[in-house]
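Participant: Following this line is my_file.tsv, made up of TSV, N, CA and C atoms:
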chain	number	residue	atom	x	y	z
A	282	MET	N	122.23	-1.28	-24.31
A	282	MET	CA	122.63	-2.41	-23.50
A	282	MET	C	123.89	-3.05	-24.07
A	283	VAL	N	123.99	-3.13	-25.40
A	283	VAL	CA	125.16	-3.69	-26.04
A	283	VAL	C	126.38	-2.83	-25.74
A	284	GLN	N	126.20	-1.53	-25.71
A	284	GLN	CA	127.32	-0.63	-25.41
A	284	GLN	C	127.88	-0.91	-24.02
A	285	ASN	N	127.02	-1.18	-23.05
A	285	ASN	CA	127.47	-1.48	-21.70
A	285	ASN	C	128.32	-2.75	-21.66
A	286	VAL	N	127.94	-3.75	-22.43
A	286	VAL	CA	128.67	-5.01	-22.48
A	286	VAL	C	130.03	-4.82	-23.14
A	287	GLU	N	130.14	-3.92	-24.09
A	287	GLU	CA	131.38	-3.69	-24.82
A	287	GLU	C	132.40	-2.89	-24.03
A	288	GLY	N	132.22	-2.75	-22.76
A	288	GLY	CA	133.24	-2.09	-21.96
A	288	GLY	C	132.96	-0.63	-21.64
A	289	GLY	N	131.72	-0.24	-21.66
A	289	GLY	CA	131.38	1.09	-21.20
A	289	GLY	C	131.32	2.17	-22.27
A	290	LYS	N	131.40	1.82	-23.53
A	290	LYS	CA	131.29	2.83	-24.59
A	290	LYS	C	129.95	3.51	-24.48
A	291	GLY	N	129.95	4.82	-24.51
A	291	GLY	CA	128.72	5.57	-24.48
A	291	GLY	C	128.11	5.72	-23.10
A	292	VAL	N	128.71	5.15	-22.08
A	292	VAL	CA	128.19	5.30	-20.73
A	292	VAL	C	128.62	6.67	-20.22
A	293	GLU	N	127.64	7.48	-19.86
A	293	GLU	CA	127.93	8.84	-19.42
A	293	GLU	C	128.86	8.82	-18.21
A	294	GLY	N	129.88	9.66	-18.27
A	294	GLY	CA	130.80	9.79	-17.16
A	294	GLY	C	132.01	8.88	-17.21
A	295	LEU	N	132.08	7.98	-18.19
A	295	LEU	CA	133.22	7.07	-18.26
A	295	LEU	C	134.13	7.35	-19.45
A	296	ASN	N	133.77	8.28	-20.29
A	296	ASN	CA	134.64	8.56	-21.43
A	296	ASN	C	135.86	9.39	-21.00
A	297	TYR	N	136.90	9.33	-21.78
A	297	TYR	CA	138.17	9.98	-21.46
A	297	TYR	C	138.00	11.48	-21.22
A	298	GLU	N	137.23	12.14	-22.10
A	298	GLU	CA	137.06	13.59	-21.99
A	298	GLU	C	136.41	13.98	-20.67
A	299	TYR	N	135.55	13.13	-20.14
A	299	TYR	CA	134.88	13.43	-18.87
A	299	TYR	C	135.80	13.14	-17.69
A	300	LEU	N	136.54	12.05	-17.75
A	300	LEU	CA	137.37	11.65	-16.62
A	300	LEU	C	138.67	12.43	-16.50
A	301	CYS	N	139.23	12.86	-17.60
A	301	CYS	CA	140.53	13.52	-17.59
A	301	CYS	C	140.38	14.99	-17.20
A	302	ILE	N	141.28	15.46	-16.34
A	302	ILE	CA	141.24	16.85	-15.88
A	302	ILE	C	141.48	17.81	-17.04
A	303	GLN	N	142.45	17.55	-17.86
A	303	GLN	CA	142.75	18.39	-19.03
A	303	GLN	C	142.89	17.48	-20.25
A	304	PRO	N	141.78	17.02	-20.82
A	304	PRO	CA	141.86	16.03	-21.91
A	304	PRO	C	142.53	16.54	-23.18
A	305	ASP	N	142.54	17.83	-23.39
A	305	ASP	CA	143.13	18.38	-24.62
A	305	ASP	C	144.60	18.73	-24.45
A	306	VAL	N	145.18	18.45	-23.29
A	306	VAL	CA	146.58	18.76	-23.03
A	306	VAL	C	147.42	17.50	-23.16
A	307	GLU	N	148.37	17.54	-24.04
A	307	GLU	CA	149.28	16.41	-24.22
A	307	GLU	C	150.68	16.84	-23.82
A	308	LEU	N	151.37	16.00	-23.09
A	308	LEU	CA	152.76	16.26	-22.72
A	308	LEU	C	153.65	15.88	-23.89
A	309	LEU	N	154.77	16.55	-23.99
A	309	LEU	CA	155.71	16.24	-25.06
A	309	LEU	C	156.17	14.79	-24.95
A	310	GLU	N	156.40	14.16	-26.08
A	310	GLU	CA	156.86	12.78	-26.08
A	310	GLU	C	158.19	12.70	-25.36
A	311	GLY	N	158.31	11.78	-24.44
A	311	GLY	CA	159.54	11.61	-23.67
A	311	GLY	C	159.59	12.45	-22.40
A	312	TYR	N	158.60	13.33	-22.19
A	312	TYR	CA	158.60	14.16	-20.98
A	312	TYR	C	158.35	13.28	-19.77
A	313	LYS	N	159.20	13.42	-18.77
A	313	LYS	CA	159.05	12.66	-17.54
A	313	LYS	C	158.72	13.65	-16.42
A	314	PRO	N	157.51	13.56	-15.89
A	314	PRO	CA	157.15	14.48	-14.80
A	314	PRO	C	158.07	14.29	-13.61
A	315	PRO	N	158.41	15.38	-12.93
A	315	PRO	CA	159.29	15.28	-11.77
A	315	PRO	C	158.57	14.63	-10.59
A	316	LYS	N	159.33	14.25	-9.59
A	316	LYS	CA	158.74	13.74	-8.36
A	316	LYS	C	158.39	14.95	-7.51
A	317	PHE	N	157.13	15.04	-7.16
A	317	PHE	CA	156.64	16.18	-6.40
A	317	PHE	C	156.64	15.88	-4.91
A	318	GLU	N	156.77	16.94	-4.11
A	318	GLU	CA	156.54	16.82	-2.68
A	318	GLU	C	155.05	16.52	-2.53
A	319	MET	N	154.71	15.54	-1.73
A	319	MET	CA	153.32	15.14	-1.59
A	319	MET	C	152.62	15.97	-0.52
A	320	PHE	N	151.39	16.35	-0.80
A	320	PHE	CA	150.57	17.13	0.14
A	320	PHE	C	149.39	16.28	0.56
A	321	ASP	N	149.23	16.09	1.88
A	321	ASP	CA	148.15	15.25	2.38
A	321	ASP	C	147.05	16.05	3.10
A	322	GLY	N	147.17	17.37	3.07
A	322	GLY	CA	146.15	18.21	3.70
A	322	GLY	C	146.54	18.72	5.07
A	323	THR	N	147.72	18.35	5.56
A	323	THR	CA	148.11	18.77	6.91
A	323	THR	C	149.25	19.78	6.93
A	324	ASP	N	149.87	20.03	5.81
A	324	ASP	CA	150.98	20.99	5.78
A	324	ASP	C	150.48	22.35	5.32
A	325	ASP	N	151.41	23.29	5.21
A	325	ASP	CA	151.08	24.64	4.78
A	325	ASP	C	150.76	24.66	3.29
A	326	LEU	N	149.60	25.18	2.95
A	326	LEU	CA	149.14	25.23	1.56
A	326	LEU	C	150.04	26.07	0.67
A	327	LYS	N	150.40	27.25	1.13
A	327	LYS	CA	151.21	28.13	0.30
A	327	LYS	C	152.59	27.55	0.05
A	328	VAL	N	153.14	26.91	1.04
A	328	VAL	CA	154.45	26.26	0.87
A	328	VAL	C	154.33	25.18	-0.19
A	329	HIS	N	153.26	24.39	-0.12
A	329	HIS	CA	153.08	23.33	-1.12
A	329	HIS	C	152.92	23.92	-2.52
A	330	LEU	N	152.09	24.94	-2.67
A	330	LEU	CA	151.89	25.54	-3.99
A	330	LEU	C	153.19	26.13	-4.54
A	331	ARG	N	153.97	26.76	-3.67
A	331	ARG	CA	155.24	27.34	-4.14
A	331	ARG	C	156.24	26.26	-4.55
A	332	THR	N	156.36	25.23	-3.76
A	332	THR	CA	157.31	24.17	-4.12
A	332	THR	C	156.82	23.43	-5.35
A	333	TYR	N	155.51	23.26	-5.48
A	333	TYR	CA	154.97	22.61	-6.67
A	333	TYR	C	155.28	23.42	-7.93
A	334	CYS	N	155.06	24.71	-7.88
A	334	CYS	CA	155.24	25.56	-9.07
A	334	CYS	C	156.68	25.58	-9.56
A	335	ASP	N	157.64	25.30	-8.71
A	335	ASP	CA	159.03	25.27	-9.13
A	335	ASP	C	159.43	23.94	-9.76
A	336	LYS	N	158.63	22.91	-9.61
A	336	LYS	CA	159.02	21.57	-10.06
A	336	LYS	C	158.84	21.30	-11.55
A	337	PRO	N	157.71	21.62	-12.17
A	337	PRO	CA	157.51	21.19	-13.57
A	337	PRO	C	158.39	21.95	-14.57
A	338	VAL	N	159.66	21.68	-14.52
A	338	VAL	CA	160.60	22.29	-15.47
A	338	VAL	C	160.35	21.69	-16.85
A	339	GLY	N	160.40	22.52	-17.85
A	339	GLY	CA	160.22	22.03	-19.22
A	339	GLY	C	158.81	22.19	-19.75
A	340	VAL	N	157.89	22.71	-18.93
A	340	VAL	CA	156.53	22.92	-19.41
A	340	VAL	C	156.25	24.40	-19.67
A	341	GLY	N	157.22	25.25	-19.39
A	341	GLY	CA	157.03	26.67	-19.62
A	341	GLY	C	155.97	27.23	-18.71
A	342	ARG	N	155.22	28.16	-19.24
A	342	ARG	CA	154.17	28.80	-18.44
A	342	ARG	C	152.78	28.27	-18.79
A	343	ASP	N	152.72	27.11	-19.36
A	343	ASP	CA	151.43	26.52	-19.74
A	343	ASP	C	150.68	26.08	-18.49
A	344	GLU	N	149.69	26.87	-18.11
A	344	GLU	CA	148.91	26.60	-16.90
A	344	GLU	C	148.16	25.28	-17.00
A	345	ARG	N	147.72	24.92	-18.18
A	345	ARG	CA	146.95	23.69	-18.35
A	345	ARG	C	147.78	22.47	-18.00
A	346	ILE	N	149.07	22.50	-18.36
A	346	ILE	CA	149.95	21.37	-18.01
A	346	ILE	C	150.18	21.35	-16.51
A	347	ARG	N	150.40	22.51	-15.92
A	347	ARG	CA	150.59	22.57	-14.46
A	347	ARG	C	149.36	22.04	-13.72
A	348	MET	N	148.18	22.39	-14.24
A	348	MET	CA	146.94	21.90	-13.63
A	348	MET	C	146.81	20.39	-13.79
A	349	LYS	N	147.20	19.89	-14.94
A	349	LYS	CA	147.11	18.45	-15.20
A	349	LYS	C	148.05	17.67	-14.28
A	350	LEU	N	149.23	18.20	-14.04
A	350	LEU	CA	150.22	17.51	-13.21
A	350	LEU	C	149.98	17.68	-11.72
A	351	PHE	N	149.15	18.65	-11.33
A	351	PHE	CA	148.99	18.97	-9.91
A	351	PHE	C	148.53	17.77	-9.08
A	352	MET	N	147.67	16.94	-9.65
A	352	MET	CA	147.18	15.80	-8.87
A	352	MET	C	148.30	14.84	-8.48
A	353	ARG	N	149.43	14.89	-9.19
A	353	ARG	CA	150.56	14.02	-8.85
A	353	ARG	C	151.26	14.46	-7.57
A	354	SER	N	150.87	15.62	-7.04
A	354	SER	CA	151.47	16.10	-5.80
A	354	SER	C	150.53	15.93	-4.61
A	355	LEU	N	149.40	15.26	-4.81
A	355	LEU	CA	148.40	15.13	-3.76
A	355	LEU	C	148.29	13.69	-3.28
A	356	THR	N	147.99	13.56	-2.00
A	356	THR	CA	147.80	12.25	-1.39
A	356	THR	C	146.81	12.40	-0.24
A	357	GLY	N	146.47	11.32	0.40
A	357	GLY	CA	145.54	11.39	1.53
A	357	GLY	C	144.18	11.93	1.10
A	358	ASP	N	143.59	12.81	1.93
A	358	ASP	CA	142.27	13.37	1.64
A	358	ASP	C	142.27	14.36	0.49
A	359	THR	N	143.43	14.87	0.12
A	359	THR	CA	143.47	15.89	-0.93
A	359	THR	C	143.25	15.29	-2.32
A	360	LEU	N	143.71	14.08	-2.55
A	360	LEU	CA	143.55	13.46	-3.86
A	360	LEU	C	142.08	13.18	-4.20
A	361	PRO	N	141.31	12.54	-3.30
A	361	PRO	CA	139.89	12.34	-3.63
A	361	PRO	C	139.15	13.67	-3.82
A	362	TRP	N	139.54	14.70	-3.05
A	362	TRP	CA	138.92	16.01	-3.24
A	362	TRP	C	139.18	16.51	-4.66
A	363	TYR	N	140.43	16.43	-5.10
A	363	TYR	CA	140.80	16.93	-6.42
A	363	TYR	C	140.06	16.16	-7.52
A	364	ILE	N	140.02	14.86	-7.39
A	364	ILE	CA	139.39	14.02	-8.40
A	364	ILE	C	137.87	14.27	-8.47
A	365	SER	N	137.27	14.60	-7.35
A	365	SER	CA	135.82	14.81	-7.31
A	365	SER	C	135.39	16.17	-7.86
A	366	ARG	N	136.34	17.07	-8.10
A	366	ARG	CA	136.01	18.42	-8.59
A	366	ARG	C	135.61	18.37	-10.06
A	367	ASN	N	134.87	19.37	-10.47
A	367	ASN	CA	134.52	19.53	-11.88
A	367	ASN	C	135.61	20.38	-12.53
A	368	PRO	N	136.47	19.79	-13.35
A	368	PRO	CA	137.58	20.54	-13.92
A	368	PRO	C	137.15	21.65	-14.87
A	369	ASN	N	135.93	21.62	-15.35
A	369	ASN	CA	135.46	22.66	-16.25
A	369	ASN	C	135.29	24.00	-15.54
A	370	LYS	N	135.16	23.97	-14.23
A	370	LYS	CA	135.01	25.22	-13.50
A	370	LYS	C	136.37	25.90	-13.28
A	371	TRP	N	137.45	25.16	-13.49
A	371	TRP	CA	138.78	25.74	-13.36
A	371	TRP	C	139.20	26.28	-14.72
A	372	VAL	N	139.11	27.57	-14.90
A	372	VAL	CA	139.45	28.18	-16.19
A	372	VAL	C	140.94	28.45	-16.31
A	373	ASN	N	141.64	28.50	-15.18
A	373	ASN	CA	143.08	28.73	-15.19
A	373	ASN	C	143.68	28.25	-13.87
A	374	TRP	N	145.00	28.39	-13.75
A	374	TRP	CA	145.70	27.95	-12.55
A	374	TRP	C	145.17	28.65	-11.31
A	375	VAL	N	144.92	29.95	-11.40
A	375	VAL	CA	144.47	30.71	-10.23
A	375	VAL	C	143.14	30.19	-9.72
A	376	SER	N	142.21	29.86	-10.60
A	376	SER	CA	140.91	29.35	-10.14
A	376	SER	C	141.08	27.99	-9.47
A	377	MET	N	141.96	27.15	-9.99
A	377	MET	CA	142.19	25.85	-9.36
A	377	MET	C	142.89	26.02	-8.00
A	378	ALA	N	143.92	26.86	-7.95
A	378	ALA	CA	144.66	27.08	-6.71
A	378	ALA	C	143.75	27.73	-5.66
A	379	SER	N	142.87	28.63	-6.08
A	379	SER	CA	141.94	29.27	-5.14
A	379	SER	C	140.96	28.25	-4.56
A	380	ASP	N	140.46	27.38	-5.40
A	380	ASP	CA	139.56	26.32	-4.94
A	380	ASP	C	140.29	25.42	-3.94
A	381	PHE	N	141.52	25.09	-4.24
A	381	PHE	CA	142.37	24.27	-3.36
A	381	PHE	C	142.58	24.98	-2.02
A	382	MET	N	142.91	26.27	-2.07
A	382	MET	CA	143.14	27.04	-0.84
A	382	MET	C	141.87	27.12	0.00
A	383	ASP	N	140.73	27.35	-0.66
A	383	ASP	CA	139.46	27.45	0.07
A	383	ASP	C	139.15	26.16	0.81
A	384	ARG	N	139.42	25.04	0.17
A	384	ARG	CA	139.08	23.74	0.78
A	384	ARG	C	139.98	23.39	1.95
A	385	PHE	N	141.27	23.70	1.86
A	385	PHE	CA	142.23	23.26	2.88
A	385	PHE	C	142.83	24.40	3.70
A	386	LYS	N	142.24	25.59	3.64
A	386	LYS	CA	142.83	26.73	4.34
A	386	LYS	C	142.77	26.61	5.86
A	387	PHE	N	141.92	25.76	6.37
A	387	PHE	CA	141.85	25.60	7.83
A	387	PHE	C	143.20	25.20	8.41
A	388	ASN	N	144.06	24.59	7.61
A	388	ASN	CA	145.38	24.17	8.10
A	388	ASN	C	146.26	25.35	8.45
A	389	THR	N	146.13	26.45	7.75
A	389	THR	CA	146.99	27.60	8.02
A	389	THR	C	146.30	28.65	8.87
A	390	GLU	N	144.98	28.75	8.80
A	390	GLU	CA	144.28	29.78	9.56
A	390	GLU	C	144.16	29.45	11.03
A	391	ASN	N	144.07	28.21	11.39
A	391	ASN	CA	143.84	27.84	12.78
A	391	ASN	C	145.10	27.39	13.51
A	392	ALA	N	146.23	27.52	12.90
A	392	ALA	CA	147.46	27.09	13.56
A	392	ALA	C	147.77	28.02	14.73
A	393	PRO	N	147.87	27.49	15.93
A	393	PRO	CA	148.16	28.35	17.09
A	393	PRO	C	149.61	28.84	17.04
A	394	ASP	N	149.79	30.07	17.50
A	394	ASP	CA	151.16	30.59	17.55
A	394	ASP	C	151.79	30.22	18.90
A	395	ILE	N	153.06	30.51	19.05
A	395	ILE	CA	153.80	30.12	20.24
A	395	ILE	C	153.27	30.78	21.51
A	396	PHE	N	152.78	32.01	21.39
A	396	PHE	CA	152.25	32.72	22.56
A	396	PHE	C	150.95	32.09	23.06
A	397	TYR	N	150.12	31.67	22.12
A	397	TYR	CA	148.88	30.99	22.50
A	397	TYR	C	149.19	29.69	23.25
A	398	ILE	N	150.12	28.94	22.73
A	398	ILE	CA	150.48	27.65	23.34
A	398	ILE	C	151.10	27.86	24.72
A	399	GLN	N	151.97	28.87	24.86
A	399	GLN	CA	152.62	29.13	26.15
A	399	GLN	C	151.62	29.56	27.22
A	400	ASN	N	150.54	30.20	26.82
A	400	ASN	CA	149.57	30.72	27.78
A	400	ASN	C	148.43	29.75	28.09
A	401	LEU	N	148.47	28.58	27.51
A	401	LEU	CA	147.44	27.59	27.82
A	401	LEU	C	147.57	27.13	29.26
A	402	LYS	N	146.47	27.11	29.96
A	402	LYS	CA	146.47	26.63	31.34
A	402	LYS	C	145.32	25.63	31.49
A	403	LYS	N	145.54	24.65	32.34
A	403	LYS	CA	144.49	23.65	32.57
A	403	LYS	C	143.39	24.28	33.41
A	404	LYS	N	142.15	24.15	32.92
A	404	LYS	CA	141.00	24.66	33.68
A	404	LYS	C	140.64	23.63	34.74
A	405	PRO	N	140.24	24.09	35.91
A	405	PRO	CA	139.94	23.15	37.01
A	405	PRO	C	138.82	22.16	36.66
A	406	THR	N	137.94	22.53	35.75
A	406	THR	CA	136.82	21.65	35.42
A	406	THR	C	137.16	20.63	34.33
A	407	LYS	N	138.34	20.74	33.74
A	407	LYS	CA	138.73	19.85	32.65
A	407	LYS	C	139.71	18.79	33.13
A	408	THR	N	139.65	17.63	32.48
A	408	THR	CA	140.61	16.58	32.80
A	408	THR	C	141.95	16.89	32.12
A	409	PHE	N	142.98	16.21	32.56
A	409	PHE	CA	144.28	16.42	31.95
A	409	PHE	C	144.25	16.06	30.47
A	410	ARG	N	143.57	15.02	30.13
A	410	ARG	CA	143.44	14.57	28.72
A	410	ARG	C	142.80	15.68	27.87
A	411	GLU	N	141.72	16.30	28.37
A	411	GLU	CA	141.07	17.39	27.63
A	411	GLU	C	142.02	18.58	27.48
A	412	TYR	N	142.78	18.85	28.53
A	412	TYR	CA	143.75	19.96	28.48
A	412	TYR	C	144.83	19.70	27.41
A	413	VAL	N	145.36	18.50	27.40
A	413	VAL	CA	146.41	18.16	26.43
A	413	VAL	C	145.86	18.19	25.00
A	414	THR	N	144.66	17.71	24.82
A	414	THR	CA	144.04	17.72	23.50
A	414	THR	C	143.84	19.15	23.01
A	415	ARG	N	143.40	20.04	23.89
A	415	ARG	CA	143.21	21.43	23.51
A	415	ARG	C	144.54	22.09	23.21
Please lay out the structure from this file as structure tokens.

Facilitator:
Amino acid sequence: MVQNVEGGKGVEGLNYEYLCIQPDVELLEGYKPPKFEMFDGTDDLKVHLRTYCDKPVGVGRDERIRMKLFMRSLTGDTLPWYISRNPNKWVNWVSMASDFMDRFKFNTENAPDIFYIQNLKKKPTKTFREYVTR
């Protein structure tokens, strides 16, 4: 009970090692992370991952640093998703990126192509609003 009053010491789930995605990764002193293109879950996943991977100049090929900085490129629904994940299950960049792709892949898989859109016709049983929404 005293530990709870002292600001959460010993409270499971509130210590730094539990909350931090990569607690053992330290950035070099003076390193300033770049400004990332923000991903909110509605753009192309592969485009975001490619543009993200080109940004962290100065970290070399250290996947742990890239994983630690990745949350700085997320916004909207993607950020709470990332924060709610168990970082211990991500053993490397590929496992984290795969988890990310699995969660948000609906954005790229269901995108209609131009031929599908051109061939859409209003069904007689549907209202104009339903047709436009489809």

Participant: Using all atoms listed in the file, which of A:Ile398, A:Tyr412, A:Arg345, A:Leu350 sits nearest Val372 (chain A)?

Facilitator: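 Among A:Ile398, A:Tyr412, A:Arg345, A:Leu350, it is A:Arg345 that comes nearest to Val372 (chain A).
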
Participant: Smallest atom-to-atom distance to Pro368 (chain A): which of A:Leu308, A:Cys301, A:Tyr397, A:Arg353, using only C-alpha atoms?

Facilitator: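 Closest to Pro368 (chain A) of all the choices is A:Cys301.
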
Participant: For region 313-330 of chain A, what centre and edge lengths in Å (one decimal) does the axis-aligned box get once 6 Å is added on each side of all its listed atoms, as AutoDock Vina command-line options?

Facilitator:
--center_x 152.7 --center_y 20.4 --center_z -5.9 --size_x 25.2 --size_y 27.5 --size_z 37.7

Participant: What's the separation between atom C of Arg366 (chain A) and atom N of Gly311 (chain A), in Å to one decimal place?

Facilitator: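 Value for the atom C of Arg366 (chain A)-atom N of Gly311 (chain A) distance: 27.7 Å.
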
Participant: Rounded to one decimal place, report the atom N of Tyr333 (chain A)-CA of Phe396 (chain A) distance in Å.

Facilitator: 29.8 Å

Participant: Quick one: distance from CA of Phe387 (chain A) to CA of Cys334 (chain A) in Å, one decimal?

Facilitator: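 Value for the CA of Phe387 (chain A)-CA of Cys334 (chain A) distance: 21.6 Å.
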
Participant: So, with only C-alpha atoms as the atoms that count, which of A:Leu360, A:Ala378, A:Val340, A:Val328 lies closest to Val306 (chain A)?

Facilitator: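 Of A:Leu360, A:Ala378, A:Val340, A:Val328, the one nearest Val306 (chain A), counting only C-alpha atoms, is A:Val340.
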
Participant: Neighbours of Thr356 (chain A) within 12 Å (only C-alpha atoms; same-chain residues fewer than 2 positions away dropped), as JSON, numbers by chain?

Facilitator: {"A": [317, 318, 319, 320, 321, 322, 323, 324, 351, 352, 353, 354, 358, 359, 360, 361, 362, 363, 364]}

Participant: Generate the output file for the selected residues, N, CA and C atoms, as an mmCIF file, in the coordinates of the input.

Facilitator:
data_model
loop_
_atom_site.group_PDB
_atom_site.id
_atom_site.type_symbol
_atom_site.label_atom_id
_atom_site.label_comp_id
_atom_site.auth_asym_id
_atom_site.auth_seq_id
_atom_site.Cartn_x
_atom_site.Cartn_y
_atom_site.Cartn_z
ATOM 1 N N PHE A 317 157.130 15.040 -7.160
ATOM 2 C CA PHE A 317 156.640 16.180 -6.400
ATOM 3 C C PHE A 317 156.640 15.880 -4.910
ATOM 4 N N GLU A 318 156.770 16.940 -4.110
ATOM 5 C CA GLU A 318 156.540 16.820 -2.680
ATOM 6 C C GLU A 318 155.050 16.520 -2.530
ATOM 7 N N MET A 319 154.710 15.540 -1.730
ATOM 8 C CA MET A 319 153.320 15.140 -1.590
ATOM 9 C C MET A 319 152.620 15.970 -0.520
ATOM 10 N N PHE A 320 151.390 16.350 -0.800
ATOM 11 C CA PHE A 320 150.570 17.130 0.140
ATOM 12 C C PHE A 320 149.390 16.280 0.560
ATOM 13 N N ASP A 321 149.230 16.090 1.880
ATOM 14 C CA ASP A 321 148.150 15.250 2.380
ATOM 15 C C ASP A 321 147.050 16.050 3.100
ATOM 16 N N GLY A 322 147.170 17.370 3.070
ATOM 17 C CA GLY A 322 146.150 18.210 3.700
ATOM 18 C C GLY A 322 146.540 18.720 5.070
ATOM 19 N N THR A 323 147.720 18.350 5.560
ATOM 20 C CA THR A 323 148.110 18.770 6.910
ATOM 21 C C THR A 323 149.250 19.780 6.930
ATOM 22 N N ASP A 324 149.870 20.030 5.810
ATOM 23 C CA ASP A 324 150.980 20.990 5.780
ATOM 24 C C ASP A 324 150.480 22.350 5.320
ATOM 25 N N PHE A 351 149.150 18.650 -11.330
ATOM 26 C CA PHE A 351 148.990 18.970 -9.910
ATOM 27 C C PHE A 351 148.530 17.770 -9.080
ATOM 28 N N MET A 352 147.670 16.940 -9.650
ATOM 29 C CA MET A 352 147.180 15.800 -8.870
ATOM 30 C C MET A 352 148.300 14.840 -8.480
ATOM 31 N N ARG A 353 149.430 14.890 -9.190
ATOM 32 C CA ARG A 353 150.560 14.020 -8.850
ATOM 33 C C ARG A 353 151.260 14.460 -7.570
ATOM 34 N N SER A 354 150.870 15.620 -7.040
ATOM 35 C CA SER A 354 151.470 16.100 -5.800
ATOM 36 C C SER A 354 150.530 15.930 -4.610
ATOM 37 N N ASP A 358 143.590 12.810 1.930
ATOM 38 C CA ASP A 358 142.270 13.370 1.640
ATOM 39 C C ASP A 358 142.270 14.360 0.490
ATOM 40 N N THR A 359 143.430 14.870 0.120
ATOM 41 C CA THR A 359 143.470 15.890 -0.930
ATOM 42 C C THR A 359 143.250 15.290 -2.320
ATOM 43 N N LEU A 360 143.710 14.080 -2.550
ATOM 44 C CA LEU A 360 143.550 13.460 -3.860
ATOM 45 C C LEU A 360 142.080 13.180 -4.200
ATOM 46 N N PRO A 361 141.310 12.540 -3.300
ATOM 47 C CA PRO A 361 139.890 12.340 -3.630
ATOM 48 C C PRO A 361 139.150 13.670 -3.820
ATOM 49 N N TRP A 362 139.540 14.700 -3.050
ATOM 50 C CA TRP A 362 138.920 16.010 -3.240
ATOM 51 C C TRP A 362 139.180 16.510 -4.660
ATOM 52 N N TYR A 363 140.430 16.430 -5.100
ATOM 53 C CA TYR A 363 140.800 16.930 -6.420
ATOM 54 C C TYR A 363 140.060 16.160 -7.520
ATOM 55 N N ILE A 364 140.020 14.860 -7.390
ATOM 56 C CA ILE A 364 139.390 14.020 -8.400
ATOM 57 C C ILE A 364 137.870 14.270 -8.470
#

Participant: Going by DSSP on the backbone, which residues of region 291-349 of chain A come out as alpha helix (DSSP H)? List them as a ChimeraX atom specification.

Facilitator: /A:297-300,326-335,344-349
